[in-house]
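As provided, model.txt (compact mmCIF, C-alpha atoms) reads as follows.
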# COMPACT_ATOMS: atom_id res chain seq x y z
CA MET N 1 -9.39 -16.70 14.46
CA LYS N 2 -7.65 -13.98 16.48
CA VAL N 3 -5.57 -11.52 14.47
CA LEU N 4 -3.24 -8.83 15.82
CA LEU N 5 -2.87 -6.30 12.99
CA THR N 6 -0.15 -3.65 12.96
CA SER N 7 0.12 -0.60 10.71
CA THR N 8 2.02 2.67 11.08
CA LEU N 9 -1.18 4.59 10.37
CA TYR N 10 -4.72 3.37 11.01
CA PRO N 11 -7.30 6.15 10.54
CA THR N 12 -9.81 6.65 13.36
CA PRO N 13 -11.65 9.71 14.74
CA GLN N 14 -8.82 10.39 17.24
CA ALA N 15 -6.07 9.92 14.62
CA PRO N 16 -7.59 10.43 11.15
CA LYS N 17 -4.39 10.97 9.18
CA ILE N 18 -4.23 9.26 5.77
CA VAL N 19 -1.09 9.40 3.62
CA GLY N 20 -1.64 6.56 1.14
CA GLY N 21 -3.52 3.39 0.35
CA ALA N 22 -1.87 1.11 2.92
CA GLU N 23 -3.68 2.57 5.92
CA ILE N 24 -7.00 2.57 4.02
CA PHE N 25 -6.38 -1.10 3.25
CA ALA N 26 -5.50 -1.86 6.89
CA ARG N 27 -8.73 -0.42 8.28
CA ARG N 28 -10.97 -1.91 5.59
CA PHE N 29 -9.21 -5.26 6.07
CA ALA N 30 -9.60 -5.28 9.85
CA GLU N 31 -13.28 -4.41 9.57
CA GLY N 32 -13.76 -7.10 6.93
CA LEU N 33 -12.28 -9.76 9.21
CA VAL N 34 -14.58 -8.72 12.06
CA GLN N 35 -17.59 -8.89 9.74
CA ARG N 36 -16.59 -12.51 9.02
CA GLY N 37 -16.57 -13.36 12.71
CA ASP N 38 -12.87 -13.04 13.52
CA GLU N 39 -11.47 -11.15 16.51
CA VAL N 40 -9.08 -8.32 15.63
CA GLU N 41 -6.92 -5.91 17.59
CA VAL N 42 -4.88 -3.16 15.96
CA ILE N 43 -1.59 -1.59 17.01
CA ARG N 44 -0.46 1.54 15.20
CA ALA N 45 2.31 4.07 15.77
CA ALA N 46 1.24 6.82 18.18
CA SER N 47 0.64 10.21 16.55
CA THR N 48 0.67 12.09 19.88
CA PRO N 49 2.38 11.49 23.23
CA HIS N 50 0.46 9.25 25.64
CA GLN N 51 -2.21 8.41 23.05
CA ALA N 52 -5.05 6.51 24.71
CA PRO N 53 -6.54 3.27 23.33
CA GLU N 54 -9.57 3.74 21.12
CA THR N 55 -12.44 1.51 20.02
CA CYS N 56 -13.50 2.09 16.43
CA ASP N 57 -16.25 0.06 14.75
CA GLY N 58 -15.90 -2.63 17.39
CA ILE N 59 -12.10 -2.93 17.04
CA ASN N 60 -9.73 -2.05 19.86
CA VAL N 61 -6.95 0.19 18.53
CA TYR N 62 -3.77 0.70 20.56
CA SER N 63 -1.05 3.27 19.83
CA ALA N 64 2.55 2.25 20.43
CA PRO N 65 4.88 5.07 21.55
CA VAL N 66 7.40 5.95 18.84
CA ARG N 67 10.83 5.73 20.44
CA ASN N 68 12.58 8.07 18.04
CA VAL N 69 13.51 11.72 17.47
CA TYR N 70 10.21 12.56 15.72
CA LEU N 71 6.96 10.89 14.66
CA PRO N 72 6.56 9.03 11.35
CA PHE N 73 5.22 10.99 8.36
CA THR N 74 6.29 14.28 9.92
CA GLU N 75 7.80 16.63 7.37
CA GLN N 76 11.52 16.94 8.14
CA LYS N 77 13.92 18.91 5.96
CA ASN N 78 17.00 18.36 8.11
CA VAL N 79 18.96 15.58 6.36
CA ALA N 80 21.08 14.78 9.43
CA LEU N 81 18.00 14.44 11.63
CA ARG N 82 16.31 12.16 9.09
CA SER N 83 19.40 9.96 9.01
CA ILE N 84 19.37 9.69 12.81
CA TRP N 85 15.67 8.77 12.71
CA HIS N 86 16.23 5.95 10.23
CA ALA N 87 19.26 4.66 12.12
CA VAL N 88 17.23 4.52 15.35
CA ASP N 89 14.32 2.88 13.52
CA ASP N 90 16.66 0.25 12.09
CA TRP N 91 18.10 -0.70 15.49
CA GLN N 92 14.89 -1.05 17.49
CA MET N 93 14.79 -4.38 19.32
CA GLN N 94 11.89 -3.98 21.77
CA ALA N 95 8.14 -3.69 21.23
CA PRO N 96 6.62 -3.76 24.72
CA LEU N 97 3.05 -3.02 23.62
CA ILE N 98 3.19 -5.92 21.15
CA ALA N 99 4.32 -8.26 23.94
CA GLU N 100 1.62 -6.93 26.27
CA ARG N 101 -1.20 -7.43 23.75
CA ILE N 102 0.04 -10.86 22.69
CA ARG N 103 -0.07 -12.06 26.29
CA ALA N 104 -3.52 -10.53 26.86
CA PHE N 105 -5.19 -11.10 23.47
CA LYS N 106 -3.44 -14.40 22.56
CA PRO N 107 -3.60 -13.94 18.77
CA ASP N 108 -3.27 -16.81 16.30
CA VAL N 109 -1.21 -14.62 13.97
CA LEU N 110 0.44 -11.20 13.85
CA HIS N 111 -0.14 -9.47 10.50
CA SER N 112 2.12 -6.46 9.95
CA ASN N 113 1.69 -3.81 7.29
CA ASN N 114 3.68 -0.56 7.07
CA LEU N 115 6.44 -0.54 9.71
CA SER N 116 7.80 3.02 10.04
CA GLY N 117 7.89 3.88 13.74
CA LEU N 118 6.79 0.38 14.77
CA THR N 119 9.92 -1.26 13.28
CA THR N 120 10.75 -4.91 12.67
CA ALA N 121 10.88 -5.35 16.45
CA VAL N 122 7.20 -6.31 16.20
CA TRP N 123 8.26 -9.43 14.25
CA ARG N 124 10.98 -10.39 16.69
CA VAL N 125 8.80 -10.06 19.77
CA ALA N 126 5.85 -11.93 18.25
CA ALA N 127 7.99 -14.80 16.94
CA GLN N 128 9.79 -15.18 20.27
CA LEU N 129 6.39 -15.45 21.96
CA GLY N 130 5.37 -18.21 19.58
CA VAL N 131 3.05 -16.25 17.29
CA PRO N 132 3.39 -16.73 13.50
CA VAL N 133 4.18 -13.48 11.69
CA LEU N 134 2.86 -12.51 8.26
CA HIS N 135 4.02 -9.29 6.60
CA THR N 136 2.42 -7.51 3.64
CA LEU N 137 4.73 -5.50 1.38
CA HIS N 138 2.97 -2.19 0.68
CA ASP N 139 6.23 -0.27 0.24
CA TYR N 140 10.03 -0.60 0.23
CA TYR N 141 10.71 0.10 3.92
CA LEU N 142 12.92 -2.99 4.20
CA THR N 143 15.33 -1.76 1.51
CA CYS N 144 14.98 2.03 1.56
CA PRO N 145 14.60 4.48 4.45
CA ARG N 146 12.33 6.65 2.27
CA CYS N 147 10.20 3.54 1.62
CA SER N 148 9.93 4.45 -2.08
CA ARG N 149 13.24 3.59 -3.81
CA PHE N 150 12.87 6.94 -5.56
CA GLU N 151 15.35 9.83 -5.56
CA ASN N 152 16.29 12.81 -7.74
CA GLY N 153 13.30 12.30 -10.02
CA ARG N 154 14.08 8.65 -10.77
CA SER N 155 13.09 5.23 -9.54
CA CYS N 156 16.13 3.51 -8.02
CA GLU N 157 17.21 0.36 -9.85
CA HIS N 158 19.86 -0.46 -7.24
CA THR N 159 20.14 -0.02 -3.48
CA CYS N 160 22.56 2.80 -2.71
CA THR N 161 25.18 2.56 0.03
CA SER N 162 23.34 4.84 2.47
CA CYS N 163 20.09 2.87 2.08
CA GLY N 164 22.01 -0.37 2.56
CA ILE N 165 23.51 0.91 5.81
CA LEU N 166 20.27 2.43 7.17
CA SER N 167 18.22 -0.70 6.45
CA PHE N 168 20.81 -3.37 7.30
CA HIS N 169 19.02 -4.75 10.36
CA ARG N 170 15.61 -4.63 8.66
CA LYS N 171 16.76 -7.13 6.06
CA ARG N 172 18.25 -9.43 8.68
CA ALA N 173 15.02 -9.33 10.68
CA THR N 174 13.08 -11.05 7.90
CA HIS N 175 14.16 -14.42 9.31
CA TRP N 176 11.48 -13.95 11.97
CA LEU N 177 8.73 -14.13 9.34
CA SER N 178 6.51 -17.14 8.71
CA ALA N 179 5.01 -15.62 5.54
CA VAL N 180 5.42 -12.59 3.29
CA VAL N 181 2.84 -11.24 0.84
CA GLY N 182 3.52 -8.86 -2.01
CA VAL N 183 0.65 -6.75 -3.33
CA SER N 184 2.25 -7.31 -6.75
CA GLU N 185 4.82 -9.63 -8.31
CA ARG N 186 7.03 -6.61 -8.85
CA VAL N 187 7.30 -5.50 -5.23
CA LEU N 188 7.97 -9.07 -4.10
CA SER N 189 10.58 -9.73 -6.80
CA ILE N 190 12.47 -6.51 -6.02
CA HIS N 191 12.96 -7.86 -2.49
CA THR N 192 13.67 -11.49 -3.38
CA ASP N 193 16.14 -10.48 -6.11
CA MET N 194 18.14 -8.87 -3.29
CA GLY N 195 18.21 -12.20 -1.47
CA MET N 196 15.52 -11.33 1.06
CA PHE N 197 13.00 -13.80 2.53
CA SER N 198 15.21 -16.79 1.73
CA GLU N 199 14.27 -18.22 5.15
CA THR N 200 10.58 -17.31 4.92
CA PRO N 201 8.53 -20.50 4.39
CA ILE N 202 5.65 -18.82 2.51
CA ARG N 203 6.22 -16.18 -0.18
CA THR N 204 3.20 -15.26 -2.27
CA VAL N 205 1.25 -12.46 -3.99
CA ILE N 206 -2.22 -11.23 -3.06
CA ARG N 207 -3.20 -8.29 -5.24
CA ASN N 208 -5.14 -5.31 -3.97
CA ALA N 209 -8.85 -4.95 -4.64
CA SER N 210 -10.97 -1.86 -4.27
CA THR N 211 -11.50 -0.89 -0.64
CA GLU N 212 -14.61 1.11 -1.56
CA PRO N 213 -17.95 -0.27 -0.33
CA PRO N 214 -19.70 -2.39 -2.98
CA ARG N 215 -21.93 -0.38 -5.30
CA GLU N 216 -23.33 -0.56 -8.80
CA PRO N 217 -20.86 0.80 -11.37
CA TYR N 218 -22.16 3.63 -13.52
CA PRO N 219 -21.62 3.90 -17.28
CA ARG N 220 -20.72 7.26 -18.80
CA PRO N 221 -22.50 8.45 -21.95
CA VAL N 222 -20.28 8.47 -25.04
CA CYS N 223 -19.09 11.95 -25.90
CA THR N 224 -17.44 12.40 -29.30
CA THR N 225 -16.42 16.01 -28.81
CA GLU N 226 -14.29 15.80 -25.66
CA VAL N 227 -12.88 13.27 -23.21
CA THR N 228 -12.53 13.89 -19.48
CA PHE N 229 -9.39 12.38 -17.98
CA GLY N 230 -8.92 12.17 -14.21
CA PHE N 231 -6.09 11.88 -11.70
CA ILE N 232 -6.75 10.93 -8.06
CA GLY N 233 -4.20 10.54 -5.27
CA ARG N 234 -1.16 12.26 -3.84
CA LEU N 235 0.14 15.04 -6.08
CA THR N 236 3.79 14.16 -5.65
CA GLU N 237 6.75 13.86 -7.97
CA GLU N 238 6.92 10.06 -7.95
CA LYS N 239 3.23 9.86 -8.88
CA GLY N 240 4.12 11.64 -12.13
CA ILE N 241 2.02 14.77 -11.66
CA ASP N 242 4.60 17.05 -13.32
CA ASN N 243 4.85 14.75 -16.35
CA LEU N 244 1.06 14.78 -16.59
CA MET N 245 0.98 18.59 -16.59
CA GLN N 246 3.68 18.74 -19.26
CA ALA N 247 1.71 16.24 -21.34
CA LEU N 248 -1.45 18.34 -21.04
CA ALA N 249 0.48 21.35 -22.34
CA GLN N 250 0.90 19.45 -25.63
CA LEU N 251 -2.78 18.49 -26.04
CA PRO N 252 -5.72 20.34 -27.65
CA ARG N 253 -7.83 21.99 -24.95
CA ASP N 254 -11.03 21.58 -27.00
CA ARG N 255 -10.69 17.77 -26.95
CA ILE N 256 -9.31 17.04 -23.49
CA ARG N 257 -10.44 18.08 -20.03
CA MET N 258 -8.58 17.16 -16.81
CA MET N 259 -10.00 16.58 -13.33
CA ILE N 260 -7.51 16.31 -10.45
CA ALA N 261 -8.61 15.00 -7.04
CA GLY N 262 -6.31 15.22 -4.03
CA ARG N 263 -5.05 17.60 -1.40
CA VAL N 264 -3.02 20.44 -2.93
CA SER N 265 -2.16 23.92 -1.73
CA GLU N 266 -3.02 27.02 -3.75
CA GLU N 267 0.70 27.62 -4.26
CA GLU N 268 1.16 24.14 -5.70
CA GLN N 269 -1.90 24.59 -7.90
CA ARG N 270 -0.35 27.74 -9.38
CA ARG N 271 2.93 25.92 -10.02
CA LEU N 272 1.19 23.04 -11.74
CA ARG N 273 -1.04 25.30 -13.84
CA ALA N 274 2.04 27.15 -15.01
CA LEU N 275 3.27 23.89 -16.60
CA ALA N 276 0.12 23.75 -18.76
CA PRO N 277 -1.28 27.30 -18.81
CA ASP N 278 -3.75 26.70 -21.65
CA ALA N 279 -5.07 23.31 -20.54
CA ARG N 280 -8.53 22.86 -19.04
CA ILE N 281 -7.78 21.65 -15.53
CA GLU N 282 -10.09 21.48 -12.53
CA PHE N 283 -8.61 20.88 -9.08
CA MET N 284 -11.35 19.10 -7.11
CA GLY N 285 -9.53 18.95 -3.78
CA PHE N 286 -10.04 16.00 -1.45
CA VAL N 287 -13.30 14.35 -2.54
CA ALA N 288 -15.10 11.05 -2.12
CA PRO N 289 -13.94 8.58 -4.80
CA ASP N 290 -17.49 8.21 -6.13
CA ASP N 291 -17.70 11.96 -6.76
CA PHE N 292 -14.50 11.70 -8.78
CA TYR N 293 -15.28 8.58 -10.84
CA LYS N 294 -18.74 9.82 -11.81
CA GLN N 295 -17.16 12.80 -13.59
CA VAL N 296 -14.34 11.16 -15.56
CA ASP N 297 -14.14 8.94 -18.64
CA VAL N 298 -10.56 7.69 -18.24
CA VAL N 299 -8.32 7.58 -15.16
CA VAL N 300 -4.62 8.42 -15.58
CA ALA N 301 -1.94 6.94 -13.29
CA PRO N 302 1.34 8.46 -14.59
CA SER N 303 3.62 6.99 -11.89
CA ILE N 304 7.39 7.19 -12.40
CA TRP N 305 8.28 4.88 -9.49
CA HIS N 306 7.63 1.20 -8.87
CA ASP N 307 4.33 1.75 -7.09
CA PRO N 308 3.80 -1.67 -5.46
CA GLY N 309 0.05 -2.02 -6.03
CA PRO N 310 -1.73 1.31 -6.52
CA LEU N 311 -5.29 1.15 -5.23
CA VAL N 312 -6.36 3.56 -7.97
CA VAL N 313 -6.17 0.68 -10.48
CA ALA N 314 -8.55 -1.46 -8.42
CA ASP N 315 -10.85 1.46 -7.63
CA ALA N 316 -11.05 2.53 -11.29
CA LYS N 317 -11.94 -1.01 -12.39
CA ALA N 318 -14.61 -1.27 -9.69
CA ALA N 319 -16.11 2.01 -10.92
CA GLY N 320 -16.04 0.82 -14.53
CA ARG N 321 -13.42 3.32 -15.62
CA PRO N 322 -10.60 2.41 -18.03
CA LEU N 323 -7.15 3.36 -16.77
CA LEU N 324 -4.12 4.69 -18.62
CA GLY N 325 -1.08 3.65 -16.61
CA THR N 326 2.69 3.49 -16.97
CA ARG N 327 4.90 0.43 -17.09
CA PHE N 328 6.08 0.85 -13.50
CA GLY N 329 5.53 -1.29 -10.44
CA GLY N 330 2.43 -3.44 -10.27
CA MET N 331 0.43 -1.67 -13.00
CA PRO N 332 1.47 -3.83 -15.98
CA GLU N 333 0.33 -6.89 -14.03
CA VAL N 334 -3.28 -5.70 -13.73
CA ILE N 335 -3.85 -3.60 -16.87
CA GLU N 336 -4.39 -5.55 -20.08
CA HIS N 337 -3.49 -3.12 -22.85
CA GLY N 338 -6.47 -2.35 -25.05
CA VAL N 339 -8.74 -4.68 -23.05
CA THR N 340 -9.04 -3.23 -19.52
CA GLY N 341 -7.07 -0.04 -20.13
CA TRP N 342 -3.84 1.14 -21.72
CA LEU N 343 -0.13 1.22 -20.87
CA THR N 344 2.31 3.93 -21.87
CA GLU N 345 5.83 5.13 -21.20
CA ALA N 346 6.08 7.67 -18.40
CA ASP N 347 7.70 10.64 -20.20
CA PRO N 348 5.47 13.64 -21.09
CA GLN N 349 5.70 13.07 -24.87
CA SER N 350 4.63 9.42 -24.68
CA LEU N 351 1.92 10.27 -22.18
CA ALA N 352 0.57 13.01 -24.44
CA ARG N 353 0.55 10.73 -27.50
CA SER N 354 -1.28 8.01 -25.56
CA MET N 355 -3.87 10.41 -24.15
CA LEU N 356 -4.49 11.80 -27.64
CA ALA N 357 -4.89 8.29 -29.09
CA VAL N 358 -7.33 7.32 -26.33
CA ALA N 359 -9.35 10.51 -26.82
CA ALA N 360 -9.52 9.87 -30.58
CA ASP N 361 -11.57 6.70 -30.03
CA PRO N 362 -14.37 7.46 -27.52
CA HIS N 363 -16.26 4.30 -28.54
CA LYS N 364 -13.27 2.23 -27.39
CA ILE N 365 -13.46 3.98 -24.02
CA ASP N 366 -17.15 3.04 -23.83
CA GLU N 367 -16.39 -0.56 -24.88
CA ILE N 368 -13.78 -1.03 -22.15
CA SER N 369 -15.95 0.68 -19.56
CA ARG N 370 -18.89 -1.63 -20.29
CA ARG N 371 -16.57 -4.66 -20.24
CA LEU N 372 -15.35 -3.70 -16.76
CA ILE N 373 -18.90 -3.13 -15.53
CA ALA N 374 -20.12 -6.47 -16.93
CA ASP N 375 -17.21 -8.51 -15.54
CA THR N 376 -18.73 -11.03 -13.12
CA ASN N 377 -15.39 -12.63 -12.30
CA LYS N 378 -13.58 -9.52 -11.08
CA TRP N 379 -11.21 -9.63 -8.13
CA ILE N 380 -12.99 -8.00 -5.19
CA PHE N 381 -12.14 -7.28 -1.56
CA SER N 382 -13.85 -10.41 -0.26
CA ASP N 383 -11.40 -12.41 -2.40
CA VAL N 384 -8.52 -10.58 -0.70
CA LEU N 385 -9.94 -11.44 2.73
CA SER N 386 -10.41 -15.10 1.77
CA SER N 387 -6.84 -15.36 0.47
CA TYR N 388 -5.38 -13.99 3.70
CA LYS N 389 -7.70 -16.18 5.77
CA ASN N 390 -6.34 -19.23 3.96
CA LEU N 391 -2.81 -18.12 4.83
CA TYR N 392 -3.79 -17.58 8.47
CA GLU N 393 -5.20 -21.12 8.61
CA GLN N 394 -1.97 -22.52 7.15
CA LEU N 395 0.10 -20.67 9.73
CA ARG N 396 -2.13 -21.74 12.60
CA GLU N 397 -2.00 -25.38 11.49
CA GLN N 398 1.80 -25.23 11.18
CA ARG N 399 2.00 -23.78 14.66
CA MET N 400 -0.27 -26.45 16.12
CA SER N 401 1.69 -29.20 14.36
CA HIS N 402 4.88 -27.86 15.88
CA VAL N 403 3.33 -27.67 19.34
CA ARG N 404 2.12 -31.28 19.02
CA ALA N 405 5.56 -32.41 17.87
CA ALA N 406 7.24 -30.54 20.71
CA THR N 407 4.84 -32.08 23.22
CA ALA N 408 5.61 -35.55 21.90
CA GLU N 409 9.36 -34.90 22.10
CA ALA N 410 9.00 -33.60 25.65
CA SER N 411 7.14 -36.72 26.74
CA GLN N 412 10.01 -38.90 25.48
CA GLY N 413 12.92 -36.98 26.94
CA PRO N 414 14.58 -33.59 27.39
CA SER N 415 12.95 -30.82 25.34
CA ILE N 416 14.77 -29.66 22.24
CA VAL N 417 12.48 -26.70 21.71
CA GLY N 418 14.13 -23.33 22.30
CA LYS N 419 12.72 -21.30 25.16
CA GLU N 420 12.27 -18.19 23.06
CA ARG N 421 11.67 -19.21 19.47
CA LEU N 422 8.78 -21.65 19.13
CA ILE N 423 8.22 -21.49 15.37
CA PRO N 424 10.53 -23.55 13.14
CA ARG N 425 12.23 -21.98 10.14
This entry written out as structure tokens:
Amino acid sequence: MKVLLTSTLYPTPQAPKIVGGAEIFARRFAEGLVQRGDEVEVIRAASTPHQAPETCDGINVYSAPVRNVYLPFTEQKNVALRSIWHAVDDWQMQAPLIAERIRAFKPDVLHSNNLSGLTTAVWRVAAQLGVPVLHTLHDYYLTCPRCSRFENGRSCEHTCTSCGILSFHRKRATHWLSAVVGVSERVLSIHTDMGMFSETPIRTVIRNASTEPPREPYPRPVCTTEVTFGFIGRLTEEKGIDNLMQALAQLPRDRIRMMIAGRVSEEEQRRLRALAPDARIEFMGFVAPDDFYKQVDVVVAPSIWHDPGPLVVADAKAAGRPLLGTRFGGMPEVIEHGVTGWLTEADPQSLARSMLAVAADPHKIDEISRRLIADTNKWIFSDVLSSYKNLYEQLREQRMSHVRAATAEASQGPSIVGKERLIPR
């Protein structure tokens, strides 16, 4: 099977930038396919002008020039400039590098992930060249220029007028898709409830699994005097970091300790500490996940936005760590309250009460941890690969069936197959 994978970011030595879980997934996924014997090429958005192709772990990685006023994931405070960027991104119609690699590589399927900078033009070009297109929903790019559906401290329940205008063509472009995958039921339903993907033949959910290399989980000794909670990820408003700090301010410092892993400036550390001046908090910086999970009893994911499928949930389970999460996004679908973790409301008061209740029963923490470690039927990354491979095979068979039908039609009379669009909808 030949797969052309696209992702806005794809970390390599020449372009190591990581913003979230989607690019970690993309690289781990591509490498997993190659390990299974498939051929993979990757196209990402260029992070510098004239970025040369790169080979990383046996995979050829190409960087498509970003035809816009600035590069994706570049901090921009000018509202007008950001609006121009999104308008340009929405109207892109050409993807010359995609066309070039399709003609040279001849993939069986194009699998797109995050689209900022690459745009839905990759779908249009691939479909017109007869390649089935599968898209994975890691974010809300198709409905929201910020990709998060989060503004002014709140998760958006409706699409505002400006988002509707700036993403108009993205929604229309979904008719080029042969399949769409949500990393949770929630992210897929938010899109389908808006009437999207009505023409997409395959709509399904494939949940995330830990992208960490397989290793033996490690139990933590029961401690009845204090509980160590941990937060790992981006320290941003939508991830609920401020609510977490305000919750810690309400908790006894002799019972609860907090470890925070992620990139954060000294200025931001001071601001966060000021929200909970008496709490015991250790900022670990950017560390390997194993170094984090070995030091915590319970992982906290206090998100206040509909996080599609946070990898922290899968990583915590793989490490044998119970997780306290909020009822946002994909978390309620993968946390069984009191069995594999706990669910709470996202406000500081509810979060504090839940953390205190968890800390009051350390033997329950140990029970859940051992249950996660002993689970022999857990969803792992090889299951994710197998699920996508099954989809690829379906799409390839559909394509071949269409080619056979078109050939038969052509042998009996004038062709009715369009010159550009070879995949039926």
For Arg321 of chain N, which residue among N:Lys378, N:His363, N:Arg220, N:Arg353 is the nearest when counting all atoms listed in the file? N:Arg220
So, counting only C-alpha atoms, which residue among N:Thr120, N:Gln250, N:Gln92, N:Ser83 is closest to Cys163 of chain N?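 Closest to Cys163 of chain N, using only C-alpha atoms: N:Ser83.
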Point (13.3, 8.9, -8.9), cut-off 10 Å, counting all atoms listed in the file, residues as JSON, numbers by chain: {"N": [148, 149, 150, 151, 152, 153, 154, 155, 156, 157, 237, 238, 304, 305, 306]}
Go through N:Gln412, N:Ser369, N:Thr200, N:Thr8 one by one, measure the shortest atom-to-atom distance of each to Ala318 of chain N using all atoms listed in the file, and give the residue with the smallest value. N:Ser369
Show me, as a CSV table (one decimal) with C-alpha atoms, in the coordinates of the input, the residues that have an atom within 7 Å of Met259 of chain N when counting only C-alpha atoms, minus same-chain residues fewer than 6 positions from it.
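Final output, saved to out.csv:
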chain,number,residue,atom,x,y,z
N,229,PHE,CA,-9.4,12.4,-18.0
N,230,GLY,CA,-8.9,12.2,-14.2
N,231,PHE,CA,-6.1,11.9,-11.7
N,281,ILE,CA,-7.8,21.6,-15.5
N,282,GLU,CA,-10.1,21.5,-12.5
N,283,PHE,CA,-8.6,20.9,-9.1
N,284,MET,CA,-11.4,19.1,-7.1
Excluding same-chain residues fewer than 4 positions from segment 24-31 of chain N, what lies within 7 Å of it counting all atoms listed in the file, as a ChimeraX atom specification? /N:7,10,35,40,211
One decimal, Å: what's the distance from atom CA of Cys144 of chain N over to atom CA of Ala314 of chain N, could you say? 25.8 Å
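The closest residue to Lys294 of chain N, picked from N:Pro221, N:Gln94, N:Ser354, N:His337 and counting only C-alpha atoms, is N:Pro221.
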Which polymer residues, protein or nucleic acid, are no farther than 9 Å from (-4.8, 0.8, -7.4), counting only C-alpha atoms, as a list in words?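 So the residues meeting the distance criterion are Gly21, Asn208, Ala209, Ser210, Ala301, Gly309, Pro310, Leu311, Val312, Val313, Ala314, Asp315, Ala316, Lys317, Gly330 and Met331 of chain N.
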Write out as a PyMOL selection string the residues lying within 12 Å of Val358 of chain N, counting all atoms listed in the file and excluding same-chain residues fewer than 2 positions away. chain N and resi 224+226-229+255-256+297-300+322-324+337-338+341-344+351-356+360-366+368
Write a file of the just-selected residues containing C-alpha atoms, as a PDB file, in the frame of the given file.
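Result file selection-v8.pdb:
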ATOM      1  CA  THR N 224     -17.440  12.400 -29.300  1.00  0.00           C
ATOM      2  CA  GLU N 226     -14.290  15.800 -25.660  1.00  0.00           C
ATOM      3  CA  VAL N 227     -12.880  13.270 -23.210  1.00  0.00           C
ATOM      4  CA  THR N 228     -12.530  13.890 -19.480  1.00  0.00           C
ATOM      5  CA  PHE N 229      -9.390  12.380 -17.980  1.00  0.00           C
ATOM      6  CA  ARG N 255     -10.690  17.770 -26.950  1.00  0.00           C
ATOM      7  CA  ILE N 256      -9.310  17.040 -23.490  1.00  0.00           C
ATOM      8  CA  ASP N 297     -14.140   8.940 -18.640  1.00  0.00           C
ATOM      9  CA  VAL N 298     -10.560   7.690 -18.240  1.00  0.00           C
ATOM     10  CA  VAL N 299      -8.320   7.580 -15.160  1.00  0.00           C
ATOM     11  CA  VAL N 300      -4.620   8.420 -15.580  1.00  0.00           C
ATOM     12  CA  PRO N 322     -10.600   2.410 -18.030  1.00  0.00           C
ATOM     13  CA  LEU N 323      -7.150   3.360 -16.770  1.00  0.00           C
ATOM     14  CA  LEU N 324      -4.120   4.690 -18.620  1.00  0.00           C
ATOM     15  CA  HIS N 337      -3.490  -3.120 -22.850  1.00  0.00           C
ATOM     16  CA  GLY N 338      -6.470  -2.350 -25.050  1.00  0.00           C
ATOM     17  CA  GLY N 341      -7.070  -0.040 -20.130  1.00  0.00           C
ATOM     18  CA  TRP N 342      -3.840   1.140 -21.720  1.00  0.00           C
ATOM     19  CA  LEU N 343      -0.130   1.220 -20.870  1.00  0.00           C
ATOM     20  CA  THR N 344       2.310   3.930 -21.870  1.00  0.00           C
ATOM     21  CA  LEU N 351       1.920  10.270 -22.180  1.00  0.00           C
ATOM     22  CA  ALA N 352       0.570  13.010 -24.440  1.00  0.00           C
ATOM     23  CA  ARG N 353       0.550  10.730 -27.500  1.00  0.00           C
ATOM     24  CA  SER N 354      -1.280   8.010 -25.560  1.00  0.00           C
ATOM     25  CA  MET N 355      -3.870  10.410 -24.150  1.00  0.00           C
ATOM     26  CA  LEU N 356      -4.490  11.800 -27.640  1.00  0.00           C
ATOM     27  CA  ALA N 360      -9.520   9.870 -30.580  1.00  0.00           C
ATOM     28  CA  ASP N 361     -11.570   6.700 -30.030  1.00  0.00           C
ATOM     29  CA  PRO N 362     -14.370   7.460 -27.520  1.00  0.00           C
ATOM     30  CA  HIS N 363     -16.260   4.300 -28.540  1.00  0.00           C
ATOM     31  CA  LYS N 364     -13.270   2.230 -27.390  1.00  0.00           C
ATOM     32  CA  ILE N 365     -13.460   3.980 -24.020  1.00  0.00           C
ATOM     33  CA  ASP N 366     -17.150   3.040 -23.830  1.00  0.00           C
ATOM     34  CA  ILE N 368     -13.780  -1.030 -22.150  1.00  0.00           C
TER      35      ILE N 368
END
Would you work out the distance separating atom CA of Ile18 of chain N from atom CA of Ile380 of chain N, expressed in Å to one decimal? 22.2 Å
Point out the residue among N:Ala15, N:Leu244, N:Ala405, N:Ala99 with the least atom-to-atom distance to Val122 of chain N, counting only C-alpha atoms.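 Among N:Ala15, N:Leu244, N:Ala405, N:Ala99, it is N:Ala99 that comes nearest to Val122 of chain N.
Using all atoms listed in the file for every distance, the candidate list N:Ser350, N:Pro252, N:Arg370, N:Ala288 yields N:Arg370 as the residue closest to Val222 of chain N.
Interatomic distance, atom CA of Thr326 of chain N against atom CA of Gly20 of chain N: 18.9 Å.
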Can you check which parts of segment 64-146 of chain N lie within 10 Å of segment 175-195 of chain N? Per residue, the shortest pair of atoms and distance in Å to one decimal, counting only C-alpha atoms, sorted by chain and number, as a tab-separated table.
residue	atom	partner	partner_atom	distance
N:Val109	CA	N:Ser178	CA	9.7
N:Leu110	CA	N:Leu177	CA	9.9
N:His111	CA	N:Ala179	CA	9.4
N:Ser112	CA	N:Val180	CA	9.6
N:Asn113	CA	N:Val181	CA	9.9
N:Thr120	CA	N:Trp176	CA	9.1
N:Ala121	CA	N:Trp176	CA	9.7
N:Val122	CA	N:Trp176	CA	9.7
N:Trp123	CA	N:Trp176	CA	6.0
N:Arg124	CA	N:Trp176	CA	5.9
N:Val125	CA	N:Trp176	CA	9.1
N:Ala126	CA	N:Trp176	CA	8.7
N:Ala127	CA	N:Trp176	CA	6.1
N:Gln128	CA	N:Trp176	CA	8.6
N:Val131	CA	N:Ser178	CA	9.3
N:Pro132	CA	N:Ser178	CA	5.7
N:Val133	CA	N:Leu177	CA	5.2
N:Leu134	CA	N:Ala179	CA	4.7
N:His135	CA	N:Val180	CA	4.9
N:Thr136	CA	N:Val181	CA	4.7
N:Leu137	CA	N:Gly182	CA	4.9
N:His138	CA	N:Val183	CA	6.5
N:Asp139	CA	N:Val187	CA	7.6
N:Tyr140	CA	N:Val187	CA	7.8
N:Leu142	CA	N:His191	CA	8.3
N:Thr143	CA	N:His191	CA	7.7
